[in-house]
Structure formats: structure tokens, C-alpha cells
$ cat upload21.cif   # mmCIF, C-alpha atoms
data_entry
loop_
_atom_site.label_atom_id
_atom_site.label_comp_id
_atom_site.auth_asym_id
_atom_site.auth_seq_id
_atom_site.Cartn_x
_atom_site.Cartn_y
_atom_site.Cartn_z
CA MET A 23 3.49 36.10 16.02
CA LYS A 24 0.17 37.50 14.85
CA GLY A 25 -2.54 35.07 14.04
CA ILE A 26 -1.25 31.81 15.48
CA GLY A 27 -4.51 30.06 16.16
CA THR A 28 -5.45 26.79 17.69
CA GLN A 29 -6.86 25.31 14.51
CA THR A 30 -5.95 21.65 14.32
CA ILE A 31 -4.55 20.39 11.05
CA GLU A 32 -4.97 16.65 10.94
CA LYS A 33 -2.25 14.47 9.49
CA PRO A 34 -3.37 11.40 7.55
CA ASP A 35 -4.02 8.37 9.70
CA VAL A 36 -1.16 6.13 8.55
CA ASP A 37 0.62 3.95 11.05
CA LEU A 38 4.18 3.40 9.97
CA ASP A 39 5.60 2.53 13.38
CA SER A 40 4.83 -1.13 12.98
CA LYS A 41 6.36 -1.23 9.51
CA VAL A 42 9.65 0.64 9.80
CA GLY A 43 12.95 -1.16 9.76
CA ARG A 44 15.54 -0.68 12.40
CA ASP A 45 18.04 1.30 10.31
CA TRP A 46 18.23 4.69 11.87
CA PRO A 47 18.66 7.55 11.57
CA TRP A 48 17.98 9.45 8.35
CA ASN A 49 17.49 13.20 8.11
CA VAL A 50 14.65 14.78 6.17
CA ILE A 51 15.95 18.14 4.97
CA VAL A 52 13.70 20.87 3.57
CA TRP A 53 15.22 23.53 1.33
CA ASN A 54 14.21 27.17 0.91
CA ASP A 55 12.33 28.22 -2.18
CA SER A 56 11.56 31.65 -3.59
CA VAL A 57 7.93 30.81 -4.41
CA ASN A 58 6.47 28.85 -1.48
CA LEU A 59 4.53 31.01 0.97
CA MET A 60 5.69 30.87 4.57
CA SER A 61 2.14 30.16 5.75
CA TYR A 62 1.94 27.28 3.26
CA VAL A 63 5.18 25.75 4.50
CA VAL A 64 3.84 25.86 8.08
CA PHE A 65 0.63 24.18 6.88
CA VAL A 66 2.61 21.42 5.14
CA PHE A 67 4.80 20.73 8.18
CA GLN A 68 1.72 20.42 10.37
CA ARG A 69 -0.06 18.24 7.85
CA VAL A 70 2.85 15.91 7.06
CA PHE A 71 4.47 15.56 10.48
CA GLY A 72 1.62 16.48 12.83
CA TYR A 73 3.78 19.22 14.38
CA SER A 74 2.33 21.94 16.56
CA ARG A 75 1.88 25.39 15.03
CA GLU A 76 4.84 26.66 17.09
CA LEU A 77 7.25 23.92 15.99
CA ALA A 78 6.15 24.10 12.36
CA THR A 79 6.67 27.86 12.39
CA ARG A 80 10.09 27.57 14.01
CA LEU A 81 11.22 25.03 11.41
CA MET A 82 9.82 27.16 8.58
CA LEU A 83 11.81 30.15 9.81
CA GLU A 84 14.96 28.00 10.00
CA VAL A 85 14.46 27.05 6.35
CA HIS A 86 13.68 30.64 5.38
CA ARG A 87 16.69 32.14 7.15
CA GLY A 88 19.25 29.38 6.77
CA GLY A 89 18.36 28.06 3.35
CA LYS A 90 17.59 24.56 4.64
CA THR A 91 16.97 22.68 7.85
CA VAL A 92 16.48 19.17 9.18
CA VAL A 93 12.76 18.82 9.86
CA ALA A 94 12.82 15.20 11.02
CA THR A 95 15.27 12.43 11.89
CA GLU A 96 13.78 8.98 11.59
CA ALA A 97 14.05 5.48 10.17
CA ARG A 98 14.58 5.23 6.43
CA GLU A 99 11.16 3.98 5.39
CA ARG A 100 9.34 6.64 7.38
CA ALA A 101 11.70 9.31 6.01
CA GLU A 102 11.03 8.17 2.43
CA PHE A 103 7.30 8.39 3.06
CA HIS A 104 7.68 11.94 4.35
CA ILE A 105 9.89 12.97 1.43
CA ALA A 106 7.17 11.78 -0.97
CA GLN A 107 4.53 13.75 0.92
CA LEU A 108 6.65 16.91 1.01
CA HIS A 109 7.34 16.66 -2.71
CA GLY A 110 3.67 16.05 -3.29
CA TYR A 111 2.95 19.38 -1.64
CA GLY A 112 5.59 21.12 -3.76
CA LEU A 113 8.35 21.55 -1.21
CA GLN A 114 11.95 20.71 -2.02
CA ALA A 115 13.18 18.03 0.36
CA THR A 116 16.02 15.55 0.44
CA LEU A 117 16.97 12.48 2.38
CA GLN A 118 20.37 12.20 4.01
CA LYS A 119 21.85 9.56 6.26
CA GLN A 120 22.76 11.13 9.56
CA GLU A 121 26.50 11.16 10.12
CA GLY A 122 28.09 9.79 13.25
CA MET B 6 -10.64 39.15 -5.07
CA SER B 7 -12.84 36.32 -3.88
CA LYS B 8 -14.36 36.42 -0.40
CA ILE B 9 -13.81 33.38 1.77
CA ARG B 10 -15.55 32.35 4.94
CA LYS B 11 -15.06 29.39 7.21
CA GLU B 12 -17.89 26.93 7.61
CA LYS B 13 -18.22 23.71 9.54
CA ASN B 14 -15.82 21.18 7.97
CA GLY B 15 -14.79 23.48 5.16
CA ILE B 16 -14.85 26.93 3.61
CA ARG B 17 -17.07 28.82 1.20
CA ILE B 18 -15.52 30.92 -1.57
CA ALA B 19 -17.47 33.66 -3.36
CA LEU B 20 -15.68 34.41 -6.61
CA GLN B 21 -15.51 37.78 -8.29
CA PRO B 22 -16.44 38.11 -11.98
CA GLY B 23 -13.71 36.68 -14.16
CA GLU B 24 -12.11 34.56 -11.43
CA LEU B 25 -13.97 31.42 -12.41
CA ASN B 26 -12.58 31.51 -15.95
CA ILE B 27 -9.08 32.01 -14.62
CA LEU B 28 -9.43 29.03 -12.29
CA ARG B 29 -11.00 26.79 -14.94
CA ASN B 30 -8.03 27.37 -17.24
CA LEU B 31 -5.43 26.47 -14.63
CA PRO B 32 -5.42 22.65 -14.93
CA LEU B 33 -4.29 22.88 -18.57
CA ARG B 34 -1.05 24.46 -17.39
CA LEU B 35 -0.17 21.43 -15.37
CA LYS B 36 -1.81 18.39 -16.96
CA GLY B 37 0.76 17.80 -19.69
CA VAL B 38 3.78 17.93 -17.44
CA LEU B 39 2.12 15.75 -14.79
CA GLU B 40 0.91 13.14 -17.25
CA LYS B 41 4.29 12.84 -18.97
CA PRO B 42 7.04 14.51 -16.95
CA ASP B 43 10.16 15.14 -18.99
CA LEU B 44 13.07 15.85 -16.68
CA SER B 45 14.94 17.68 -19.43
CA SER B 46 12.47 20.52 -18.80
CA LYS B 47 13.20 22.86 -15.89
CA ILE B 48 9.52 22.91 -14.96
CA ALA B 49 9.39 19.12 -14.63
CA ARG B 50 12.62 19.18 -12.64
CA ARG B 51 11.09 21.69 -10.22
CA LEU B 52 7.82 19.78 -9.88
CA PHE B 53 9.80 16.58 -9.32
CA PRO B 54 12.93 17.80 -7.56
CA PRO B 55 15.79 15.60 -6.33
CA SER B 56 15.13 13.45 -3.28
CA ALA B 57 18.80 13.34 -2.30
CA GLU B 58 21.99 15.28 -2.89
CA SER B 59 23.77 12.06 -3.81
CA ALA B 60 23.02 11.17 -7.44
CA SER B 61 22.91 7.42 -6.79
CA LEU B 62 20.54 7.77 -3.83
CA ASP B 63 18.38 10.18 -5.85
CA THR B 64 18.10 7.66 -8.69
CA GLU B 65 17.10 4.97 -6.22
CA LEU B 66 14.49 7.20 -4.57
CA ARG B 67 13.06 8.40 -7.89
CA LEU B 68 12.38 4.79 -8.87
CA LEU B 69 10.70 4.25 -5.56
CA LEU B 70 8.72 7.47 -5.07
CA ALA B 71 8.25 9.35 -8.35
CA GLU B 72 5.07 7.60 -9.44
CA GLU B 73 3.43 8.03 -6.03
CA ILE B 74 4.24 11.76 -6.07
CA ARG B 75 2.95 12.14 -9.62
CA GLN B 76 -0.31 10.38 -8.82
CA LYS B 77 -0.86 12.53 -5.76
CA LYS B 78 -0.41 15.72 -7.77
CA LEU B 79 -2.80 14.42 -10.44
CA GLU B 80 -5.34 13.51 -7.78
CA ARG B 81 -5.25 17.08 -6.45
CA LEU B 82 -5.55 18.50 -9.99
CA ARG B 83 -8.62 16.35 -10.63
CA ASP B 84 -10.23 17.38 -7.36
CA PHE B 85 -9.62 21.05 -8.22
CA GLU B 86 -10.99 20.60 -11.73
CA GLN B 87 -14.07 18.82 -10.45
CA THR B 88 -14.87 21.52 -7.90
CA VAL B 89 -14.48 24.48 -10.28
CA ASN B 90 -16.38 22.74 -13.07
CA ALA B 91 -19.23 21.94 -10.67
CA ILE B 92 -20.01 25.64 -10.23
CA GLY B 93 -23.21 26.30 -12.12
CA ASN B 94 -23.92 29.31 -14.29
CA ASP B 95 -26.29 30.77 -11.74
CA THR B 96 -23.80 31.06 -8.92
CA SER B 97 -20.29 32.24 -8.26
CA GLU B 98 -19.91 30.41 -4.96
CA LEU B 99 -18.33 27.10 -4.15
CA ARG B 100 -17.90 25.13 -1.00
CA LEU B 101 -14.71 23.23 -0.28
CA SER B 102 -14.59 20.27 2.07
CA GLU B 103 -11.47 19.62 4.17
CA LYS B 104 -10.26 17.19 1.50
CA SER B 105 -10.79 19.70 -1.29
CA ILE B 106 -9.04 22.45 0.68
CA ASP B 107 -5.99 20.19 0.82
CA ALA B 108 -6.29 19.51 -2.92
CA TRP B 109 -6.66 23.20 -3.79
CA LEU B 110 -3.69 24.22 -1.66
CA GLY B 111 -1.43 21.59 -3.22
CA PHE B 112 -2.66 22.26 -6.77
CA LEU B 113 -2.42 26.04 -6.47
CA ASN B 114 1.10 25.63 -5.14
CA ASP B 115 2.07 23.46 -8.11
CA ILE B 116 0.75 26.13 -10.50
CA ARG B 117 2.64 28.80 -8.57
CA VAL B 118 5.80 26.74 -8.73
CA VAL B 119 5.36 26.34 -12.51
CA LEU B 120 4.88 30.08 -12.94
CA GLY B 121 7.78 30.91 -10.65
CA THR B 122 10.06 28.54 -12.56
CA SER B 123 8.97 29.99 -15.93
CA LEU B 124 9.62 33.49 -14.63
CA ASP B 125 12.98 32.35 -13.24
CA LEU B 126 12.32 33.88 -9.83
CA GLN B 127 15.50 33.64 -7.82
CA ASP B 128 14.62 35.04 -4.41
CA GLU B 129 11.72 36.01 -2.23
CA SER B 130 11.83 39.71 -3.05
CA TRP B 131 10.58 39.00 -6.57
CA ILE B 132 7.39 41.05 -6.17
CA GLU B 133 9.43 44.20 -5.62
CA SER B 134 11.45 43.85 -8.80
CA VAL B 135 8.56 43.26 -11.18
CA LYS B 136 7.88 45.81 -13.85
CA ARG B 137 4.26 46.51 -14.71
CA SER B 138 4.83 45.94 -18.38
CA GLY B 139 6.70 43.59 -20.59
CA PRO B 140 6.18 40.09 -21.91
CA TRP B 141 5.92 38.47 -18.47
CA PHE B 142 3.33 40.84 -17.04
CA GLU B 143 0.37 38.47 -17.44
CA GLU B 144 2.21 35.50 -15.93
CA MET B 145 3.39 37.61 -13.02
CA THR B 146 -0.11 38.98 -12.40
CA LEU B 147 -1.48 35.44 -12.38
CA LEU B 148 1.21 34.38 -9.90
CA VAL B 149 0.35 37.28 -7.62
CA TYR B 150 -3.38 36.49 -7.79
CA LEU B 151 -2.80 32.81 -6.98
CA SER B 152 -0.50 33.75 -4.11
CA ILE B 153 -3.23 35.91 -2.59
CA LEU B 154 -5.84 33.18 -3.12
CA GLN B 155 -3.67 30.51 -1.53
CA SER B 156 -2.79 32.80 1.37
CA SER B 157 -6.50 33.63 1.90
CA ILE B 158 -7.50 29.97 1.96
CA LEU B 159 -4.79 29.24 4.54
CA ARG B 160 -5.93 32.15 6.68
CA HIS B 161 -9.64 31.34 6.63
CA ALA B 162 -9.36 27.54 6.81
CA TYR B 163 -6.54 27.24 9.34
CA GLY B 164 -5.95 30.65 10.88
CA LEU B 165 -2.53 30.80 9.25
CA ASP B 166 -1.86 34.47 8.70
CA ALA B 167 0.64 35.75 6.20
CA MET B 168 4.03 35.99 7.85
CA SER B 169 5.91 38.40 5.66
CA ASN B 170 5.20 41.24 3.32
CA ASN B 171 5.82 38.88 0.48
CA ASP B 172 2.91 36.74 1.57
CA SER B 173 0.17 39.25 1.04
CA ARG B 174 0.48 42.97 1.40
CA ASN B 175 2.89 43.68 -1.44
CA LYS B 176 1.01 41.29 -3.64
CA GLU B 177 -2.37 42.93 -3.07
CA ASN B 178 -0.84 46.32 -3.84
CA TYR B 179 0.55 44.90 -7.08
CA LEU B 180 -2.91 43.93 -8.29
CA GLN B 181 -4.40 47.42 -7.84
#
$ encode --input "upload21.cif" --output "C-alpha cells"
Amino acid sequence: MKGIGTQTIEKPDVDLDSKVGRDWPWNVIVWNDSVNLMSYVVFVFQRVFGYSRELATRLMLEVHRGGKTVVATEARERAEFHIAQLHGYGLQATLQKQEG
Amino acid sequence: MSKIRKEKNGIRIALQPGELNILRNLPLRLKGVLEKPDLSSKIARRLFPPSAESASLDTELRLLLAEEIRQKKLERLRDFEQTVNAIGNDTSELRLSEKSIDAWLGFLNDIRVVLGTSLDLQDESWIESVKRSGPWFEEMTLLVYLSILQSSILRHAYGLDAMSNNDSRNKENYLQ
């Protein structure tokens, strides 16, 4: 894909690992939107989750093509934190307990 | 359109005549709904969308998260307002730090979301179906301009190129 650079996008330095409970797992689902730019969605995924450019782009394309995708599966408290960040950036995201 | 160049720990934006006024008027579009969100309005519902498909879980999460989300959006609005208002009369350039780039991207996206919701845009091919006249022409032109600005910031700050025609090319043609 044209223009994938090596620019690092730092995610905020917040350590949740020591704080999360043991309930697991919860899915963070991001939904497609007619207004959000694809490049912006990639930026947000890198910023919020610390994903590589390649993974963020793959997830963005899954949202774009499929209407929604699971972008993370994690403990509830961490998932809530990420939902808040995604909403803060203007993405539509929901929390769902993983089945099974 | 403004010219943007990357600098150490930030970017520099050189605005074209008229752009500064457009940018200075943007916070007014968002302040009211962020200071007192009313979820009976479709714009507030889009700015503060559901956190879960289950109504009971969504209610629980709204109580937990809504204020944090609202404060973050307000923080970005204030950062944006501060940076555009700091531009003196003798210059059309501004420098954005890494923190301000983040604020601008989030704020510009919120404005774009508000415009898109007002215009009732249903899918990503919206630019192709816009007529160049009619009551929504100004709002649509503003949305296109902000899309190009946001896309340019992402490209120059992070090397994130536009990934579809909807990201840039069609939009720049629309503004000509």
C-alpha cells in the first residue's frame, strides 16, 4: 500500500496490566462510518492500541469492508478504557462479552 | 489549501487567506453540544454513540464513561481554539506540537462527524452524489475542506497517505 511509513505513533503511557480484573474476555468492536477517513482510523488504532501500521491498516480494512470488526479482546476494565478512547476520537465502538 | 510541513516534534501549517476565519469559527459548532449533550438530538447521539448493543450494558457504560469522553473532547476543542487564536495578525503560520496535532485531529473529526450527521450522509460515496448548489452546499464544502485538512495533517505528521479516492482526490476536485 502506498505511503506506509515507519513513523511511530506513541500510545499514552498508561499501565493497566496491574489494575485489570481477571474477568476475560471482552471484545472491543469498531463499526464502519461514512464520515471517518480511512487514514484517520488507522491513526486511531495505532494511537489507542499501539498496533503496528500493518495491523492497524488490516483492521481498518476489515471495518471498512465488513461493516465492523473485533479490534481487541481483553479484560473488561481495559476494554472499557479503550472504548472511551475510541469514542473520544469519534469512532463508533461497542463492548461485547465474548461468547463461549 | 494550507501548506503543511513536518518539523521536529510537530508540524508547521501555512494557512491560505480566509482559512483562519473558517478555523476560528469551528469551535462554536461544537461547544454547545459538548457542554450540554442532549441525547434526543441526533448530533449528540453520534458524538456520544452507544458503548454496547445491549441497552442495559450501554446504560451502565454511559454512567461510567460518558463524562470522561465529554471532557476529552472539550480538552481537544480548547487546545484547537487556543492554537488558532494564538495566530497573530502579522502571520498566517502556526506550529503544532505532537499534543496539539492529536487535539486537532480529534477536534476536526468531531466537527466532520457533526457535519456528516447534519447532512445525513449514509455511505462513503457521499462526495460523488453532492450537487454544487442547494441549501446544503456550504456545509458540504466545509466538510470537504476539513476532510482535506485532516488528511493532510495525517500525511505530513505520520506518513499516513489517503487510502481511497474518498480520502482526498475526489474531495480536492470538489473544491475547484
$ atom_distance --input "upload21.cif" --atom1 "atom CA of A:Ile31" --atom2 "atom CA of B:Asp166"
14.5 Å
$ interface_residues --input "upload21.cif" --of "chain B" --to "chain A" --cutoff "9 Å" --atoms "all atoms listed in the file" --output "PyMOL selection string"
chain B and resi 51-59+62-63+66+69-71+73-78+110-112+114-115+117-118+121-122+126-131+152+155-156+159-160+162-169+171-172
$ write_last_selection --input "upload21.cif" --atoms "C-alpha atoms" --output "compact mmCIF listing (two decimals), keeping the file's coordinate frame"
# COMPACT_ATOMS: atom_id res chain seq x y z
CA ARG B 51 11.09 21.69 -10.22
CA LEU B 52 7.82 19.78 -9.88
CA PHE B 53 9.80 16.58 -9.32
CA PRO B 54 12.93 17.80 -7.56
CA PRO B 55 15.79 15.60 -6.33
CA SER B 56 15.13 13.45 -3.28
CA ALA B 57 18.80 13.34 -2.30
CA GLU B 58 21.99 15.28 -2.89
CA SER B 59 23.77 12.06 -3.81
CA LEU B 62 20.54 7.77 -3.83
CA ASP B 63 18.38 10.18 -5.85
CA LEU B 66 14.49 7.20 -4.57
CA LEU B 69 10.70 4.25 -5.56
CA LEU B 70 8.72 7.47 -5.07
CA ALA B 71 8.25 9.35 -8.35
CA GLU B 73 3.43 8.03 -6.03
CA ILE B 74 4.24 11.76 -6.07
CA ARG B 75 2.95 12.14 -9.62
CA GLN B 76 -0.31 10.38 -8.82
CA LYS B 77 -0.86 12.53 -5.76
CA LYS B 78 -0.41 15.72 -7.77
CA LEU B 110 -3.69 24.22 -1.66
CA GLY B 111 -1.43 21.59 -3.22
CA PHE B 112 -2.66 22.26 -6.77
CA ASN B 114 1.10 25.63 -5.14
CA ASP B 115 2.07 23.46 -8.11
CA ARG B 117 2.64 28.80 -8.57
CA VAL B 118 5.80 26.74 -8.73
CA GLY B 121 7.78 30.91 -10.65
CA THR B 122 10.06 28.54 -12.56
CA LEU B 126 12.32 33.88 -9.83
CA GLN B 127 15.50 33.64 -7.82
CA ASP B 128 14.62 35.04 -4.41
CA GLU B 129 11.72 36.01 -2.23
CA SER B 130 11.83 39.71 -3.05
CA TRP B 131 10.58 39.00 -6.57
CA SER B 152 -0.50 33.75 -4.11
CA GLN B 155 -3.67 30.51 -1.53
CA SER B 156 -2.79 32.80 1.37
CA LEU B 159 -4.79 29.24 4.54
CA ARG B 160 -5.93 32.15 6.68
CA ALA B 162 -9.36 27.54 6.81
CA TYR B 163 -6.54 27.24 9.34
CA GLY B 164 -5.95 30.65 10.88
CA LEU B 165 -2.53 30.80 9.25
CA ASP B 166 -1.86 34.47 8.70
CA ALA B 167 0.64 35.75 6.20
CA MET B 168 4.03 35.99 7.85
CA SER B 169 5.91 38.40 5.66
CA ASN B 171 5.82 38.88 0.48
CA ASP B 172 2.91 36.74 1.57
$ closest_residue --input "upload21.cif" --among "A:Tyr73, A:Arg98, A:Val63, A:Lys90" --to "A:Trp48" --atoms "all atoms listed in the file"
A:Arg98
$ axis_aligned_box --input "upload21.cif" --around "stretch 100-116 of chain A" --padding-each-side "4 Å" --output "JSON"
{"center_x": 9.5, "center_y": 14.1, "center_z": 1.8, "size_x": 21.1, "size_y": 22.9, "size_z": 19.1}
$ residues_near_point --input "upload21.cif" --point "(-3.3, 18.7, -9.1)" --cutoff "9 Å" --atoms "only C-alpha atoms" --output "number ranges by chain"
B: 32, 35-36, 39, 76-86, 108-109, 111-113, 115-116
$ atom_distance --input "upload21.cif" --atom1 "atom CA of B:Arg29" --atom2 "atom CA of B:His161"
22.1 Å
$ resolve_selection --input "upload21.cif" --expression "the PyMOL selection byres ((chain A and resi 92) around 7)" --output "list in words"
Asn49, Val50, Ile51, Val52, Thr91, Val93 and Ala94 of chain A
$ atom_distance --input "upload21.cif" --atom1 "atom CA of A:Ala97" --atom2 "atom CA of A:Ser74"
21.2 Å
$ resolve_selection --input "upload21.cif" --expression "the PyMOL selection byres ((chain B and resi 145) around 9)" --output "list of chain:residue names"
B:Leu120, B:Gly121, B:Leu124, B:Ile132, B:Val135, B:Trp141, B:Phe142, B:Glu143, B:Glu144, B:Thr146, B:Leu147, B:Leu148, B:Val149, B:Tyr150
$ closest_residue --input "upload21.cif" --among "B:Ile27, B:Lys13, B:Lys8, B:Arg34" --to "B:Ile48" --atoms "all atoms listed in the file"
B:Arg34
$ closest_residue --input "upload21.cif" --among "A:Arg80, A:Glu96, A:His104, A:Trp53" --to "A:Gln120" --atoms "only C-alpha atoms"
A:Glu96
